[in-house]
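Enquirer: For reference, the structure I am asking about is given below.
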There are 2 protein chains.
Amino acid sequence: MKRLFLAATAVMGLVIALPAAAQFQKPEDAIKYRQSSFTVMATHFGRIGAMAAGRVPFDAKVAADNMVIVAAVHKLPFTAFGDGTDKGAPTKALPEVWAQQAKFGEARDKMFGEMAKLDAAVKSGNFDSVKAAFGGVGGACKACHDDFRGK
Amino acid sequence: MKRLFLAATAVMGLVIALPAAAQFQKPEDAIKYRQSSFTVMATHFGRIGAMAAGRVPFDAKVAADNMVIVAAVHKLPFTAFGDGTDKGAPTKALPEVWAQQAKFGEARDKMFGEMAKLDAAVKSGNFDSVKAAFGGVGGACKACHDDFRGK
């Protein structure tokens, strides 16, 4: 387990260091990339959620395996909301993402913070901690979706 | 840099341990997931490739940052080619993926092996090694695409 912890910690720290400036040739590339990284995150986050919700028996190892992927990808979508990426391909991102960048950044950082708590909870291996922290992340996701994502 | 190496090593080892059995509710979920994880991989692999090809100056730190993401996601798509996922959403995956599973597995493992060499090369920080190893991965990608991916 210790290697996993090191991995998740390093990966979570690392992504912060990625240049915020988008490195996409075309707006549609950025849109496809952020949707793709959200999909990967949501898939593995959802597998932790299935345990948190009691739909699947809690397995600390499975939670940890999924959390490493979530930790590795959860910041990636936010490198792909650069100027000019509000259109170019179908996207649910609302104009508020670009019109209210400070507020969007706060919502993003709230999710990052809750995700760090979930990472710690998963590392603890304690189901109640995971369940509580999962709810915190879910709340941060929903709050951001309510303000910045269309139907 | 040492933390990065631990991260990449642990992540690369970890993903092997993920259950091969697909955990998708619907075939379209698996298709979307494998396409998404390929997109994330290709984006970051491409950033290493831009340096390998000389289009962007080589920066060992940038290569390492991108490699951590590549390492974290490159095995994920292959958890989502389960039986019944040959249709359900638009996919370029050819019927040969399911009809020639052993050959597909060999092509996948070839890519994993070449990717491990690229990981080592990136860790070395040596441009010529990265360039050579990048070519090896690219060749493995192309070989698999030629046999198993439609136009």
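Quick note on naming: the chains in the structure tokens go A, B, ... in the order shown, residues restart at 1 in each chain, and ligands are numbered from 1 in order of appearance.
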Could you pull the residues within 7 Å of Leu118 of chain A, counting only C-alpha atoms, minus those fewer than 5 positions along the same chain, as a list in words?
Expert: Val130, Ala133 and Phe134 of chain A
Enquirer: Could you write out that same residue set with all heavy atoms as an mmCIF file, in the first residue's frame?
Expert:
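Resulting contents of out.cif:
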```
data_model
loop_
_atom_site.group_PDB
_atom_site.id
_atom_site.type_symbol
_atom_site.label_atom_id
_atom_site.label_comp_id
_atom_site.auth_asym_id
_atom_site.auth_seq_id
_atom_site.Cartn_x
_atom_site.Cartn_y
_atom_site.Cartn_z
ATOM 1 N N VAL A 130 -14.428 7.280 3.941
ATOM 2 C CA VAL A 130 -14.571 7.316 2.482
ATOM 3 C C VAL A 130 -15.969 7.804 2.110
ATOM 4 O O VAL A 130 -16.134 8.663 1.241
ATOM 5 C CB VAL A 130 -14.296 5.925 1.858
ATOM 6 C CG1 VAL A 130 -14.658 5.905 0.371
ATOM 7 C CG2 VAL A 130 -12.840 5.537 2.064
ATOM 8 N N ALA A 133 -16.245 11.564 2.787
ATOM 9 C CA ALA A 133 -15.442 12.357 1.852
ATOM 10 C C ALA A 133 -16.001 12.268 0.436
ATOM 11 O O ALA A 133 -15.952 13.256 -0.320
ATOM 12 C CB ALA A 133 -13.984 11.887 1.879
ATOM 13 N N PHE A 134 -16.532 11.122 0.088
ATOM 14 C CA PHE A 134 -17.151 10.984 -1.233
ATOM 15 C C PHE A 134 -18.306 11.976 -1.376
ATOM 16 O O PHE A 134 -18.459 12.622 -2.415
ATOM 17 C CB PHE A 134 -17.648 9.554 -1.465
ATOM 18 C CG PHE A 134 -18.206 9.355 -2.851
ATOM 19 C CD1 PHE A 134 -17.377 9.014 -3.896
ATOM 20 C CD2 PHE A 134 -19.561 9.540 -3.108
ATOM 21 C CE1 PHE A 134 -17.879 8.862 -5.190
ATOM 22 C CE2 PHE A 134 -20.075 9.399 -4.396
ATOM 23 C CZ PHE A 134 -19.235 9.057 -5.437
#
```
Enquirer: Would you mind reading off the distance between atom CA of His145 of chain A and atom CA of Ala107 of chain A, one decimal, in Å?
Expert: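 These atoms are spaced 9.4 Å apart.
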Enquirer: With only C-alpha atoms as the counted atoms, please give the residues lying no more than 10 Å from Thr91 of chain A, apart from itself and same-chain residues fewer than 2 positions off, as a list in words.
Expert: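 Residues near the query, excluding close chain neighbours: Glu28, Ile31, Lys32, Arg34, Gln35, Thr85, Asp86, Lys87, Gly88, Ala89, Ala93, Leu94, Arg149 and Gly150 of chain A.
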Enquirer: Go ahead and write the selection's residues with N, CA and C atoms as a compact mmCIF listing (two decimals), in the first residue's frame.
Expert:
```txt
# COMPACT_ATOMS: atom_id res chain seq x y z
N GLU A 28 -11.61 22.36 -30.67
CA GLU A 28 -12.27 21.06 -30.56
C GLU A 28 -11.36 20.02 -29.89
N ILE A 31 -11.81 20.68 -26.19
CA ILE A 31 -13.14 20.22 -25.74
C ILE A 31 -13.16 18.70 -25.62
N LYS A 32 -12.63 18.03 -26.64
CA LYS A 32 -12.59 16.55 -26.61
C LYS A 32 -11.73 16.06 -25.43
N ARG A 34 -11.02 17.68 -22.55
CA ARG A 34 -11.60 17.88 -21.21
C ARG A 34 -12.77 16.93 -20.98
N GLN A 35 -13.54 16.65 -22.03
CA GLN A 35 -14.64 15.70 -21.87
C GLN A 35 -14.09 14.29 -21.60
N THR A 85 -12.23 28.26 -26.22
CA THR A 85 -12.66 26.85 -26.22
C THR A 85 -14.11 26.71 -25.77
N ASP A 86 -14.85 27.82 -25.86
CA ASP A 86 -16.27 27.77 -25.52
C ASP A 86 -17.10 27.19 -26.65
N LYS A 87 -16.50 27.12 -27.83
CA LYS A 87 -17.19 26.48 -28.95
C LYS A 87 -16.17 25.84 -29.89
N GLY A 88 -16.70 25.08 -30.87
CA GLY A 88 -15.80 24.36 -31.78
C GLY A 88 -16.19 22.90 -31.85
N ALA A 89 -16.93 22.46 -30.84
CA ALA A 89 -17.47 21.10 -30.78
C ALA A 89 -18.61 21.15 -29.76
N ALA A 93 -20.43 23.10 -21.50
CA ALA A 93 -19.87 24.21 -20.71
C ALA A 93 -20.64 25.49 -21.03
N LEU A 94 -21.11 26.16 -19.99
CA LEU A 94 -21.87 27.39 -20.16
C LEU A 94 -20.94 28.59 -20.34
N ARG A 149 -22.44 24.13 -15.99
CA ARG A 149 -22.71 23.11 -17.01
C ARG A 149 -24.17 23.11 -17.39
N GLY A 150 -24.45 23.17 -18.68
CA GLY A 150 -25.81 23.11 -19.16
C GLY A 150 -26.35 21.68 -19.11
```
Enquirer: Applying 10 Å and only C-alpha atoms, which residues near Asn126 of chain B remain after dropping the ones on its own chain fewer than 4 positions away? List them as a PyMOL selection string.
Expert: chain B and resi 58-60+120-122+130-131
Enquirer: Using the chain letters and numbers from this document, which residues of segment 13-137 of chain B does DSSP assign to helix (DSSP H, G or I), as a ChimeraX atom specification?
Expert: /B:13-16,27-52,60-73,76-79,96-99,101-124,127-137
Enquirer: Between B:Val73, B:Pro57, B:Cys144, B:Lys92, which has the minimum distance to chain A (counting only C-alpha atoms)?
Expert: B:Val73
Enquirer: What does the distance from atom CA of Ala116 of chain A to atom CA of Asp146 of chain A come to in Å, to one decimal?
Expert: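 Distance reported for this atom pair: 21.8 Å.
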